[in-house]
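Encoded as structure tokens, the structure appears first; notes follow it.
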Amino acid sequence: MDALELLLNRQSCARLAGPSPEGTELETIWQAGLRVPDHGGLHPWRFIHVSGEGLDRLSEIFSAAALNDGSDVEKAKLMPYRAPVITIVVSSPRDHDKVPQIEQLLSAGCCVQAMQMCAQALGYNGIWRTGAMAYSKIVNEELGLLDHESVVGFLYLGAAMSKAKKPRQHSISDFVSSI
Ligand SMILES: Cc1cc2nc3c(=O)[nH]c(=O)nc-3n(C[C@H](O)[C@H](O)[C@H](O)COP(=O)(O)O)c2cc1C
């Protein structure tokens, strides 16, 4: 896929199913995620791969979190099955005197975007999701996150099950000014 075409027309897809990226394609997606701008080369992120039985495990984790929060357990239980593969992007910032934590978090956000773009370039699609599960203490603990780590996004990946609408075009003058 042409790079400009992808950059100008990227769109998320929430309805995903198999076939999903696997093997070398999935590794290519992760490599794209590892190529993000990274001030100081700190690698302040890591990814957790979820597929197959991992989706069942994530479903259990989400159910436990929802039960604890008093939110809809049945809904939470089904969430991981919205795609055949999920890559969880974890921000894992380091202490550094020149690179503030916000920059490290931004770098982790870039990982999600880069992997979504790469998936689309490979003919798949996906959607970046967060929601309450991303900020749940129970989910963080069960996924093995350390105290200083956080979930930046659940990147749901698979084959698009719905046709993308034409992306909304923004007016440049609404967002760009000059000095
Ligand atoms: C940090 C972040 C968190 C998001 N969380 C959710 C989410 O939990 N659920 C959701 O439907 N969309 C979420 N989105 C938005 C989608 O990823 C997507 O961008 C949106 O549906 C618009 O579609 P588009 O990417 O095709 O413009 C999130 C986006 C970002 C940047």
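Residue numbers start at 1 in each chain; chains themselves are named A, B, ... in the order of the structure tokens; ligands are numbered from 1 in the order shown.
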Segment 111-171 of chain A near segment 89-104 of chain A within 9 Å: what's each residue's closest atom pair and its distance in Å to one decimal, counting only C-alpha atoms, ordered by chain then ascending residue number, as JSON lines?
```
{"residue": "A:Cys111", "atom": "CA", "partner": "A:Val89", "partner_atom": "CA", "distance": 7.3}
{"residue": "A:Val112", "atom": "CA", "partner": "A:Val89", "partner_atom": "CA", "distance": 6.7}
{"residue": "A:Leu145", "atom": "CA", "partner": "A:Val90", "partner_atom": "CA", "distance": 8.0}
{"residue": "A:Leu146", "atom": "CA", "partner": "A:Ser92", "partner_atom": "CA", "distance": 8.4}
{"residue": "A:His148", "atom": "CA", "partner": "A:Ser92", "partner_atom": "CA", "distance": 6.8}
{"residue": "A:Glu149", "atom": "CA", "partner": "A:Ser92", "partner_atom": "CA", "distance": 4.8}
{"residue": "A:Ser150", "atom": "CA", "partner": "A:Ser91", "partner_atom": "CA", "distance": 5.3}
{"residue": "A:Val151", "atom": "CA", "partner": "A:Val90", "partner_atom": "CA", "distance": 4.6}
{"residue": "A:Val152", "atom": "CA", "partner": "A:Val89", "partner_atom": "CA", "distance": 5.5}
{"residue": "A:Gly153", "atom": "CA", "partner": "A:Val89", "partner_atom": "CA", "distance": 5.4}
{"residue": "A:Phe154", "atom": "CA", "partner": "A:Val89", "partner_atom": "CA", "distance": 6.4}
{"residue": "A:Leu155", "atom": "CA", "partner": "A:Val89", "partner_atom": "CA", "distance": 7.5}
```
Please write out the residues within 9 Å of ligand 1 as a PyMOL selection string, counting only C-alpha atoms and all ligand atoms. chain A and resi 9-14+109+112-113+126-134+152-155+164-165+167-168
Would you please give, as an MDAnalysis selection string, all residues of chain A that DSSP assigns to strand (DSSP E or B) based on the backbone? chainID A and resid 16:17 45:51 85:91 125:129 150:160
Suppose we keep C-alpha atoms; can you now write the selection as a tab-separated table (two decimals), in the first residue's frame?
```
chain	number	residue	atom	x	y	z
A	16	LEU	CA	-12.79	-7.61	13.27
A	17	ALA	CA	-12.46	-11.35	12.71
A	45	TRP	CA	7.28	0.51	26.40
A	46	ARG	CA	6.56	-3.17	26.06
A	47	PHE	CA	3.85	-5.21	24.37
A	48	ILE	CA	1.71	-8.10	25.59
A	49	HIS	CA	0.43	-10.45	22.92
A	50	VAL	CA	-3.05	-11.91	23.35
A	51	SER	CA	-4.63	-14.53	21.09
A	85	VAL	CA	-5.52	-10.79	18.19
A	86	ILE	CA	-4.83	-8.03	20.69
A	87	THR	CA	-1.52	-6.34	21.33
A	88	ILE	CA	-1.53	-4.54	24.65
A	89	VAL	CA	0.84	-1.59	24.69
A	90	VAL	CA	2.30	-0.88	28.10
A	91	SER	CA	4.05	2.36	28.98
A	125	ASN	CA	-7.25	-3.44	10.29
A	126	GLY	CA	-7.69	-2.68	13.94
A	127	ILE	CA	-8.79	-0.30	16.60
A	128	TRP	CA	-7.08	1.34	19.55
A	129	ARG	CA	-9.21	0.90	22.64
A	150	SER	CA	0.29	1.64	32.63
A	151	VAL	CA	-1.81	0.37	29.74
A	152	VAL	CA	-1.68	2.84	26.85
A	153	GLY	CA	-3.96	0.85	24.64
A	154	PHE	CA	-5.45	-2.45	23.65
A	155	LEU	CA	-4.79	-2.68	19.93
A	156	TYR	CA	-7.44	-5.02	18.54
A	157	LEU	CA	-6.30	-6.51	15.23
A	158	GLY	CA	-7.81	-8.69	12.54
A	159	ALA	CA	-9.51	-8.63	9.19
A	160	ALA	CA	-12.07	-5.85	8.74
```
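Closest approach to Ser136 of chain A among A:Ser59, A:Ser20, A:Gln31, A:Asn68 is made by A:Asn68 (distances from only C-alpha atoms).
Ranking A:Ser63, A:Gln169, A:Ser107, A:Thr28 by their shortest atom-to-atom distance to Ile138 of chain A, with only C-alpha atoms included, puts A:Ser63 first.
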Among segment 35-150 of chain A, which ones does DSSP assign to alpha helix (DSSP H) (computed from the backbone)? Answer as a ChimeraX atom specification. /A:53-69,73-78,101-121,137-142
Dump N, CA and C atoms for the selected residues as a compact mmCIF listing (two decimals), in the first residue's frame?
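Written output follows (again.txt):
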```txt
# COMPACT_ATOMS: atom_id res chain seq x y z
N GLU A 53 -5.95 -18.90 23.61
CA GLU A 53 -6.31 -19.03 25.03
C GLU A 53 -6.04 -17.74 25.80
N GLY A 54 -5.17 -16.91 25.25
CA GLY A 54 -4.90 -15.61 25.88
C GLY A 54 -6.16 -14.75 25.93
N LEU A 55 -6.99 -14.89 24.89
CA LEU A 55 -8.25 -14.13 24.88
C LEU A 55 -9.16 -14.61 26.01
N ASP A 56 -9.15 -15.94 26.24
CA ASP A 56 -9.95 -16.49 27.35
C ASP A 56 -9.44 -15.95 28.69
N ARG A 57 -8.13 -15.90 28.81
CA ARG A 57 -7.52 -15.39 30.05
C ARG A 57 -7.88 -13.90 30.25
N LEU A 58 -7.80 -13.14 29.14
CA LEU A 58 -8.13 -11.71 29.23
C LEU A 58 -9.62 -11.53 29.59
N SER A 59 -10.44 -12.41 29.04
CA SER A 59 -11.86 -12.38 29.34
C SER A 59 -12.09 -12.58 30.85
N GLU A 60 -11.37 -13.54 31.43
CA GLU A 60 -11.47 -13.78 32.88
C GLU A 60 -11.02 -12.54 33.67
N ILE A 61 -9.93 -11.95 33.20
CA ILE A 61 -9.39 -10.76 33.90
C ILE A 61 -10.39 -9.61 33.83
N PHE A 62 -10.94 -9.38 32.64
CA PHE A 62 -11.92 -8.29 32.47
C PHE A 62 -13.16 -8.54 33.34
N SER A 63 -13.59 -9.80 33.40
CA SER A 63 -14.77 -10.15 34.21
C SER A 63 -14.51 -9.82 35.67
N ALA A 64 -13.32 -10.20 36.16
CA ALA A 64 -12.97 -9.95 37.56
C ALA A 64 -12.93 -8.45 37.84
N ALA A 65 -12.41 -7.69 36.88
CA ALA A 65 -12.32 -6.23 37.06
C ALA A 65 -13.72 -5.62 37.08
N ALA A 66 -14.58 -6.08 36.19
CA ALA A 66 -15.94 -5.54 36.13
C ALA A 66 -16.71 -5.87 37.41
N LEU A 67 -16.53 -7.11 37.88
CA LEU A 67 -17.19 -7.53 39.12
C LEU A 67 -16.77 -6.62 40.27
N ASN A 68 -15.48 -6.35 40.32
CA ASN A 68 -14.93 -5.49 41.37
C ASN A 68 -15.46 -4.06 41.27
N ASP A 69 -15.63 -3.58 40.04
CA ASP A 69 -16.09 -2.19 39.83
C ASP A 69 -17.60 -2.05 39.92
N VAL A 73 -20.57 -7.34 34.02
CA VAL A 73 -19.61 -8.45 33.90
C VAL A 73 -19.74 -9.17 32.56
N GLU A 74 -20.99 -9.40 32.13
CA GLU A 74 -21.20 -10.12 30.85
C GLU A 74 -20.61 -9.34 29.68
N LYS A 75 -20.77 -8.04 29.72
CA LYS A 75 -20.23 -7.19 28.66
C LYS A 75 -18.70 -7.25 28.67
N ALA A 76 -18.13 -7.13 29.87
CA ALA A 76 -16.67 -7.14 30.00
C ALA A 76 -16.08 -8.47 29.53
N LYS A 77 -16.80 -9.56 29.85
CA LYS A 77 -16.34 -10.91 29.50
C LYS A 77 -16.18 -11.06 27.98
N LEU A 78 -17.06 -10.41 27.23
CA LEU A 78 -17.06 -10.56 25.77
C LEU A 78 -16.05 -9.64 25.06
N GLN A 101 8.67 11.98 31.82
CA GLN A 101 7.79 10.80 31.66
C GLN A 101 6.74 11.03 30.58
N ILE A 102 6.28 12.28 30.42
CA ILE A 102 5.26 12.55 29.40
C ILE A 102 5.79 12.21 28.01
N GLU A 103 7.06 12.46 27.77
CA GLU A 103 7.62 12.14 26.45
C GLU A 103 7.67 10.62 26.25
N GLN A 104 7.93 9.92 27.34
CA GLN A 104 7.99 8.46 27.25
C GLN A 104 6.60 7.87 27.01
N LEU A 105 5.61 8.51 27.62
CA LEU A 105 4.22 8.07 27.40
C LEU A 105 3.80 8.33 25.94
N LEU A 106 4.21 9.51 25.44
CA LEU A 106 3.89 9.83 24.04
C LEU A 106 4.51 8.81 23.10
N SER A 107 5.73 8.40 23.42
CA SER A 107 6.41 7.41 22.59
C SER A 107 5.61 6.09 22.57
N ALA A 108 5.08 5.72 23.74
CA ALA A 108 4.27 4.49 23.82
C ALA A 108 3.00 4.63 22.98
N GLY A 109 2.42 5.83 22.98
CA GLY A 109 1.24 6.07 22.15
C GLY A 109 1.57 5.89 20.67
N CYS A 110 2.77 6.34 20.31
CA CYS A 110 3.20 6.17 18.91
C CYS A 110 3.26 4.70 18.53
N CYS A 111 3.61 3.85 19.50
CA CYS A 111 3.69 2.40 19.21
C CYS A 111 2.34 1.90 18.72
N VAL A 112 1.28 2.33 19.38
CA VAL A 112 -0.06 1.86 19.00
C VAL A 112 -0.37 2.30 17.57
N GLN A 113 -0.12 3.57 17.33
CA GLN A 113 -0.42 4.12 16.00
C GLN A 113 0.40 3.42 14.92
N ALA A 114 1.69 3.23 15.20
CA ALA A 114 2.56 2.61 14.19
C ALA A 114 2.10 1.18 13.89
N MET A 115 1.71 0.46 14.92
CA MET A 115 1.29 -0.92 14.70
C MET A 115 -0.05 -0.98 13.97
N GLN A 116 -0.93 -0.04 14.28
CA GLN A 116 -2.21 -0.02 13.56
C GLN A 116 -1.98 0.28 12.08
N MET A 117 -1.09 1.23 11.82
CA MET A 117 -0.78 1.58 10.42
C MET A 117 -0.16 0.39 9.70
N CYS A 118 0.75 -0.29 10.38
CA CYS A 118 1.43 -1.43 9.76
C CYS A 118 0.42 -2.53 9.45
N ALA A 119 -0.47 -2.79 10.40
CA ALA A 119 -1.49 -3.82 10.17
C ALA A 119 -2.31 -3.46 8.94
N GLN A 120 -2.64 -2.19 8.81
CA GLN A 120 -3.44 -1.77 7.66
C GLN A 120 -2.63 -1.93 6.37
N ALA A 121 -1.34 -1.62 6.43
CA ALA A 121 -0.48 -1.77 5.25
C ALA A 121 -0.40 -3.24 4.83
N LYS A 137 -7.02 -1.33 38.27
CA LYS A 137 -5.90 -1.85 39.08
C LYS A 137 -5.83 -3.38 38.94
N ILE A 138 -6.99 -4.01 38.93
CA ILE A 138 -7.03 -5.48 38.83
C ILE A 138 -6.44 -5.93 37.49
N VAL A 139 -6.84 -5.27 36.41
CA VAL A 139 -6.32 -5.65 35.09
C VAL A 139 -4.80 -5.46 35.07
N ASN A 140 -4.35 -4.33 35.58
CA ASN A 140 -2.90 -4.07 35.60
C ASN A 140 -2.15 -5.15 36.37
N GLU A 141 -2.69 -5.51 37.52
CA GLU A 141 -2.02 -6.53 38.35
C GLU A 141 -2.00 -7.88 37.64
N GLU A 142 -3.16 -8.27 37.10
CA GLU A 142 -3.25 -9.59 36.46
C GLU A 142 -2.40 -9.68 35.20
```
